[in-house]
Amino acid sequence: MEQDGYKLLTKINSAEDLRKLSIDQLPLLCSELRRDIVNELSVNPGHLASSLGAVEITVALHYVMNTPDDRIVWDVGHQAYGHKILTGRRDVFCTNRKFGGIRPFPSPEESEYDTFACGHASNSISAALGMAVAAEKLSDEREACSEGYKECSTLNSQPSTPNARSRRVVAVIGDGAMSGGLAYEGLNNVSSSPNNLLIILNDNDMSIDRSVGGMKQLLLELNTGATYNRWRYKASNWLKGNGYLKDDRRKRLIRLSNAAKGAISGQQNIFEGMNIRYFGPFDGHNVKEIVRILRQLKDMEGPKLLHLHTTKGYGYKPAEQQATIWHAPGKFNPDTGERQETETSNLPPKFQDVFGETLVELAKQNPRIVGVTPAMPSGCSMNIMMKEMPDRAFDVGIAEGHAVTFSGGMAKDGLLPFCNIYSAFSQRAYDNIIHDVALLNLPVVLCFDRAGLVGEDGPTHHGAFDIAALRPVPNLTLAAPMDEPELRRMMFTAQLPEKGPFVIRYPRGRGSVVDWRCPLEEIPVGKGRKLRDGEDVAVLSYGPLGVAVREVLNDEGSLSVAHYDMRFVKPIDEEILDEVGRKFKRIVTIEDGSREGGFGSAVLEWMADHGYAPHITRLGLPNSFIEHGSVPELQRVAGIDAESIRKAILGT
């Protein structure tokens with residue numbers, strides 16, 4: 001009996017069920033899976049286009065590999081909705097990204113089919129290589145154990161891996177993740193370590209926006225080698241079958257064939273140059289062809305890379321035609337492709353748009369200003385500058401560390417970069433911030449979008465740690481605007497002479513001020529502002545949660561409460577702290593960042609260092625990873641919602 005109009009999909013509750021199908025049934029299953037993703041995401045928004053483009057790869061992998069014992073390591077979980085649906089989560093996929101529902105990205109805590117964390121790009125090759133080595137080593141040790149060659153007590157305490165030696169490990173990397181430096185570090189190690197890793201390059205020429213850089217061009221040019229690679233694969237099978245391709249000869253033969261190919265084709269292949277066997281490119285939407293290739297490659301010895309060309313949004317015309325918009329389109333009509341637009345003319349703007357508009361305004365006044373983004377021009381609104389001043393804005397690909405050091409280099413020789421990175425992704429550039437910007441006191445403005453709780457994308461994307469991580473770093477100025485006009489003033493201040501490296505953090509989503517186009521005026525660095533006087537309690541807020549404090553105080557009349565918007569955590573306003581320390585016995589601090597080592601800790605440290613001993617209640621994100629849900633739901637979990645603020649002020 002068909003359910004939901006599906007002949008096959010409703011029968012698939014595990015990869016084992018999938019493997020019961022005939023190969024001729026797989027195209028229909030792909031069609032049904034794609035339709036299910038579209039229908040589900042039309043009412044429960046998520047990452048649409050990337051998962052549509054990876055449907056055939058997903059089906060073929062679970063069909064050929066013995067998952068979950070064989071490992072599939074996804075790079076960027078945007079690709080993996082089909083994977084979730086096929087591995088027992090179709091009935092609960094309607095809860096995807098919802099509070100208490102299934103996670104937005106694959107997680108080993110959710111399913112045995114999810115092998116590793118994959119919210120940030122470019123980690124799949126390194127993780128998959130580690131798993132391949134672990135399987136091999138544990139199998140070797142168990143063999144030695146069983147033969148009485150070594151002590152087994154420690155080994156026996158480890159999880160059993162009965163098929164470890166035959167376990168296959170696959171890394172699926174795509175959506176622009178090959179532009180990340182970690183991918184190349186992994187490739188370098190793959191090429192020099194004994195392993196049988198299979199890397200699948202899901203090449204859709206996109207990340208969220210269109211891919212950029214030399215790797216994009218190289219992948220496009222590799223089309224010319226498809227015929228050669230098919231011929232070489234058949235030859236290698238014949239050599240191996242006849243005993244000519246022993247391990248001691250394999251690398252020499254690979255180097256010889258690579259040199260011959262380069263001489264004949266007049267082009268070099270970066271993967272083969274690293275002694276990684278390259279196959280492709282092939283059509284990533286021909287599921288039967290992918291199955292055939294995977295069956296041939298799955299037991300081949302040595303590292304190998306399968307290059308598949310896909311189309312982001314494949315099978316759904318609106319997403320194919322506008323992949324960037326349909327990366328995460330919100331709610332839409334699945335039949336017509338009409339996206340549900342809400343009236344926003346009377347709403348405050350998004351912080352990212354205030355950043356984008358203000359950056360252009362500043363750049364028109366200051367010819368030294370340039371913009372830098374690591375693959376997020378539309379996400380951070382750098383695309384506004386790219387449209388108006390294309391020669392002064394740079395998308396460097398998924399390469400946060402490079403974005404910071406590139407900015408440092410430009411600053412060193414006279415430019416003034418505004419480098420915009422999502423707060424969670426700035427973690428990948430920590431050393432670059434310290435070594436390549438702060439150490440030389442270079443005038444780089446680091447704008448951390450998505451700071452604080454981001455909502456449905458969950459713990460991999462919450463901007464929780466930037467305050468605590470950067471507070472100890474010399475030369476940095478750390479600022480957070482309470483609202484949109486404050487963001488404009490901070491951006492203006494940051495580009496003035498002699499300001500050094502300047503970090504501005506602000507949240508995802510809309511602010512609180514509709515009429516936000518204030519004059520561009522300097523804010524004295526390290527100076528906060530008193531918004532409300534009081535006698536009983538002092539509330540010190542850092543960032544946009546100050547708006548919530550203001551609203552709570554407008555409704556609370558039982559206590560006389562002073563409210564200070566601190567603006568800066570480094571340097572912190574010592575005059576305000578001295579005033580508060582002298583006057584108040586109770587202080588409440590609030591921030592949308594880690595409570596451990598954050599703004600509240602800075603206040604506590606200052607009070608202790610200067611001999612004050614008020615009772616300080618610190619509100620902030622707890623020392624745990626907060627899961628996904630709407631921002632109001634997560635604020636309640638973290639204890640930084642309006643009711644938690646009210647209780648902290650009242651001391652209840």
# chains A, B, ... in the order shown; residues from 1 in each chain; ligands from 1

$ select_by_dssp --residues "stretch 580-648 of chain A" --states "strand (DSSP E)" --output "number ranges by chain"
A: 586-594, 615-621

$ write_last_selection --atoms "C-alpha atoms" --output "mmCIF file, in the first residue's frame"
data_model
loop_
_atom_site.group_PDB
_atom_site.id
_atom_site.type_symbol
_atom_site.label_atom_id
_atom_site.label_comp_id
_atom_site.auth_asym_id
_atom_site.auth_seq_id
_atom_site.Cartn_x
_atom_site.Cartn_y
_atom_site.Cartn_z
ATOM 1 C CA ARG A 586 24.035 43.983 44.376
ATOM 2 C CA ILE A 587 25.080 43.852 40.715
ATOM 3 C CA VAL A 588 23.628 41.843 37.839
ATOM 4 C CA THR A 589 25.642 41.351 34.645
ATOM 5 C CA ILE A 590 24.117 40.014 31.454
ATOM 6 C CA GLU A 591 25.617 38.941 28.135
ATOM 7 C CA ASP A 592 24.823 36.690 25.176
ATOM 8 C CA GLY A 593 28.092 34.781 25.450
ATOM 9 C CA SER A 594 29.856 32.268 27.651
ATOM 10 C CA HIS A 615 27.132 40.352 45.373
ATOM 11 C CA ILE A 616 27.374 39.805 41.611
ATOM 12 C CA THR A 617 24.902 37.671 39.679
ATOM 13 C CA ARG A 618 26.219 36.769 36.235
ATOM 14 C CA LEU A 619 23.736 35.904 33.495
ATOM 15 C CA GLY A 620 25.150 34.374 30.337
ATOM 16 C CA LEU A 621 25.457 31.122 28.446
#

$ residues_around --residues "stretch 529-534 of chain A" --least-positions-apart "3" --cutoff "12 Å" --atoms "only C-alpha atoms" --output "VMD selection string"
chain A and resid 481 to 482 486 523 to 526 537 to 542 546 to 547 549 to 551 553 to 554 557 to 568 572 to 577 579 to 580 583 to 584 586 to 587

$ residues_around --residues "stretch 316-329 of chain A" --least-positions-apart "2" --cutoff "8 Å" --atoms "only C-alpha atoms" --output "list of chain:residue names"
A:Pro45, A:Gly46, A:His47, A:Leu48, A:Ala49, A:Ser50, A:Leu52, A:Ile208, A:Asp209, A:Arg210, A:Thr311, A:Lys312, A:Gly313, A:Tyr314, A:Lys331, A:Phe332, A:Gly337, A:Arg339

$ closest_residue --among "A:Ser139, A:Ser601, A:Asn269, A:Ser126" --to "A:Ser193" --atoms "only C-alpha atoms"
A:Ser126

$ residues_around --residues "A:Asn475" --least-positions-apart "3" --cutoff "12 Å" --atoms "only C-alpha atoms" --output "list in words"
Ile433, Ile434, His435, Val437, Ala438, Leu439, Leu440, Asn441, Leu442, Pro443, Val444, Leu470, Arg471, Pro472, Leu478, Glu498, Lys499, Gly500, Pro501, Phe502, Val503, Lys570 and Pro571 of chain A

$ write_last_selection --atoms "N, CA and C atoms" --output "PDB file, in the first residue's frame"
ATOM      1  N   ILE A 433      44.134  35.663  14.415  1.00  0.00           N
ATOM      2  CA  ILE A 433      43.782  36.914  15.086  1.00  0.00           C
ATOM      3  C   ILE A 433      44.910  37.356  16.015  1.00  0.00           C
ATOM      4  N   ILE A 434      45.458  36.399  16.757  1.00  0.00           N
ATOM      5  CA  ILE A 434      46.514  36.743  17.717  1.00  0.00           C
ATOM      6  C   ILE A 434      47.829  37.060  16.998  1.00  0.00           C
ATOM      7  N   HIS A 435      48.272  36.124  16.155  1.00  0.00           N
ATOM      8  CA  HIS A 435      49.611  36.210  15.584  1.00  0.00           C
ATOM      9  C   HIS A 435      49.703  37.207  14.436  1.00  0.00           C
ATOM     10  N   VAL A 437      47.357  39.698  13.543  1.00  0.00           N
ATOM     11  CA  VAL A 437      46.691  40.995  13.680  1.00  0.00           C
ATOM     12  C   VAL A 437      47.048  41.658  15.010  1.00  0.00           C
ATOM     13  N   ALA A 438      46.735  40.986  16.129  1.00  0.00           N
ATOM     14  CA  ALA A 438      46.928  41.616  17.436  1.00  0.00           C
ATOM     15  C   ALA A 438      48.402  41.855  17.748  1.00  0.00           C
ATOM     16  N   LEU A 439      49.251  40.910  17.427  1.00  0.00           N
ATOM     17  CA  LEU A 439      50.668  41.026  17.762  1.00  0.00           C
ATOM     18  C   LEU A 439      51.292  42.283  17.160  1.00  0.00           C
ATOM     19  N   LEU A 440      50.878  42.616  15.952  1.00  0.00           N
ATOM     20  CA  LEU A 440      51.417  43.799  15.272  1.00  0.00           C
ATOM     21  C   LEU A 440      50.522  45.023  15.439  1.00  0.00           C
ATOM     22  N   ASN A 441      49.452  44.871  16.209  1.00  0.00           N
ATOM     23  CA  ASN A 441      48.544  45.996  16.482  1.00  0.00           C
ATOM     24  C   ASN A 441      48.033  46.621  15.186  1.00  0.00           C
ATOM     25  N   LEU A 442      47.597  45.758  14.263  1.00  0.00           N
ATOM     26  CA  LEU A 442      47.198  46.216  12.935  1.00  0.00           C
ATOM     27  C   LEU A 442      45.745  46.692  12.916  1.00  0.00           C
ATOM     28  N   PRO A 443      45.446  47.707  12.127  1.00  0.00           N
ATOM     29  CA  PRO A 443      44.090  48.251  12.066  1.00  0.00           C
ATOM     30  C   PRO A 443      43.158  47.387  11.220  1.00  0.00           C
ATOM     31  N   VAL A 444      42.769  46.260  11.767  1.00  0.00           N
ATOM     32  CA  VAL A 444      41.797  45.372  11.139  1.00  0.00           C
ATOM     33  C   VAL A 444      40.523  45.416  11.975  1.00  0.00           C
ATOM     34  N   LEU A 470      38.806  36.031  23.416  1.00  0.00           N
ATOM     35  CA  LEU A 470      39.590  37.189  23.001  1.00  0.00           C
ATOM     36  C   LEU A 470      39.907  38.164  24.124  1.00  0.00           C
ATOM     37  N   ARG A 471      39.224  38.071  25.252  1.00  0.00           N
ATOM     38  CA  ARG A 471      39.514  38.996  26.358  1.00  0.00           C
ATOM     39  C   ARG A 471      40.980  39.022  26.772  1.00  0.00           C
ATOM     40  N   PRO A 472      41.686  37.889  26.806  1.00  0.00           N
ATOM     41  CA  PRO A 472      43.090  37.937  27.258  1.00  0.00           C
ATOM     42  C   PRO A 472      44.074  38.445  26.207  1.00  0.00           C
ATOM     43  N   LEU A 478      37.313  45.161  22.220  1.00  0.00           N
ATOM     44  CA  LEU A 478      36.144  44.297  22.089  1.00  0.00           C
ATOM     45  C   LEU A 478      34.893  45.105  22.392  1.00  0.00           C
ATOM     46  N   GLU A 498      44.507  55.285  14.517  1.00  0.00           N
ATOM     47  CA  GLU A 498      45.109  54.855  15.786  1.00  0.00           C
ATOM     48  C   GLU A 498      44.172  54.015  16.652  1.00  0.00           C
ATOM     49  N   LYS A 499      43.230  53.297  16.043  1.00  0.00           N
ATOM     50  CA  LYS A 499      42.319  52.459  16.832  1.00  0.00           C
ATOM     51  C   LYS A 499      42.813  51.020  16.958  1.00  0.00           C
ATOM     52  N   GLY A 500      43.764  50.606  16.123  1.00  0.00           N
ATOM     53  CA  GLY A 500      44.284  49.253  16.237  1.00  0.00           C
ATOM     54  C   GLY A 500      43.242  48.211  15.863  1.00  0.00           C
ATOM     55  N   PRO A 501      43.492  46.945  16.213  1.00  0.00           N
ATOM     56  CA  PRO A 501      42.524  45.885  15.898  1.00  0.00           C
ATOM     57  C   PRO A 501      41.260  46.041  16.743  1.00  0.00           C
ATOM     58  N   PHE A 502      40.107  45.976  16.095  1.00  0.00           N
ATOM     59  CA  PHE A 502      38.841  46.352  16.714  1.00  0.00           C
ATOM     60  C   PHE A 502      37.817  45.261  16.394  1.00  0.00           C
ATOM     61  N   VAL A 503      37.269  44.630  17.423  1.00  0.00           N
ATOM     62  CA  VAL A 503      36.299  43.546  17.249  1.00  0.00           C
ATOM     63  C   VAL A 503      34.914  44.049  17.644  1.00  0.00           C
ATOM     64  N   LYS A 570      36.582  45.290  26.568  1.00  0.00           N
ATOM     65  CA  LYS A 570      38.041  45.484  26.557  1.00  0.00           C
ATOM     66  C   LYS A 570      38.354  46.665  25.657  1.00  0.00           C
ATOM     67  N   PRO A 571      38.819  47.800  26.169  1.00  0.00           N
ATOM     68  CA  PRO A 571      38.966  48.089  27.599  1.00  0.00           C
ATOM     69  C   PRO A 571      37.599  48.342  28.234  1.00  0.00           C
TER      70      PRO A 571
END

$ select_by_dssp --residues "stretch 339-580 of chain A" --states "helix (DSSP H, G or I)" --output "PyMOL selection string"
chain A and resi 351-365+383-388+390-392+400-412+423-438+466-470+484-494+545-555+574-580

$ closest_residue --among "A:Val370, A:Ala60, A:Ile626, A:Leu476" --to "A:Lys298" --atoms "only C-alpha atoms"
A:Ala60

$ atom_distance --atom1 "atom CA of A:Ser124" --atom2 "atom CA of A:Pro27"
27.1 Å

$ residues_around --residues "stretch 356-361 of chain A" --least-positions-apart "4" --cutoff "6 Å" --atoms "only C-alpha atoms" --output "count of residues only"
4

$ atom_distance --atom1 "atom CA of A:Ala363" --atom2 "atom CA of A:Thr477"
21.1 Å

$ residues_around --residues "stretch 29-34 of chain A" --least-positions-apart "6" --cutoff "7 Å" --atoms "only C-alpha atoms" --output "list in words"
Tyr6, Leu8, Leu9, Leu52, Val55, Glu56 and Gly82 of chain A

$ write_last_selection --atoms "N, CA, C and O atoms" --output "short mmCIF file (atom, residue, chain, number, x, y, z; two decimals), in the first residue's frame"
data_model
loop_
_atom_site.label_atom_id
_atom_site.label_comp_id
_atom_site.auth_asym_id
_atom_site.auth_seq_id
_atom_site.Cartn_x
_atom_site.Cartn_y
_atom_site.Cartn_z
N TYR A 6 4.09 7.67 -2.11
CA TYR A 6 5.41 7.08 -2.31
C TYR A 6 5.30 5.56 -2.43
O TYR A 6 4.68 4.90 -1.58
N LEU A 8 8.18 3.60 -2.64
CA LEU A 8 9.38 3.00 -2.05
C LEU A 8 9.79 3.65 -0.74
O LEU A 8 10.20 2.96 0.20
N LEU A 9 9.73 4.97 -0.66
CA LEU A 9 10.35 5.68 0.45
C LEU A 9 9.77 5.27 1.80
O LEU A 9 10.51 5.15 2.78
N LEU A 52 19.21 18.61 -1.81
CA LEU A 52 18.65 18.17 -3.09
C LEU A 52 19.77 17.73 -4.04
O LEU A 52 19.62 16.75 -4.77
N VAL A 55 21.26 13.95 -3.31
CA VAL A 55 20.35 12.81 -3.16
C VAL A 55 20.94 11.53 -3.75
O VAL A 55 20.97 10.47 -3.10
N GLU A 56 21.39 11.59 -5.00
CA GLU A 56 21.89 10.37 -5.65
C GLU A 56 23.15 9.85 -4.96
O GLU A 56 23.34 8.63 -4.83
N GLY A 82 18.84 13.97 3.16
CA GLY A 82 18.48 12.68 2.60
C GLY A 82 19.04 11.53 3.43
O GLY A 82 18.37 10.51 3.64
#

$ residues_around --residues "A:Ala128" --least-positions-apart "4" --cutoff "12 Å" --atoms "only C-alpha atoms" --output "JSON, numbers by chain"
{"A": [70, 71, 72, 73, 74, 75, 115, 116, 117, 118, 122, 123, 124, 132, 133, 134, 135, 167, 168, 169, 170, 171, 172, 173, 183, 186, 187, 189, 190, 195, 196, 197, 198, 199, 200, 303]}

$ atom_distance --atom1 "atom CA of A:Ala642" --atom2 "atom CA of A:Gly598"
20.0 Å
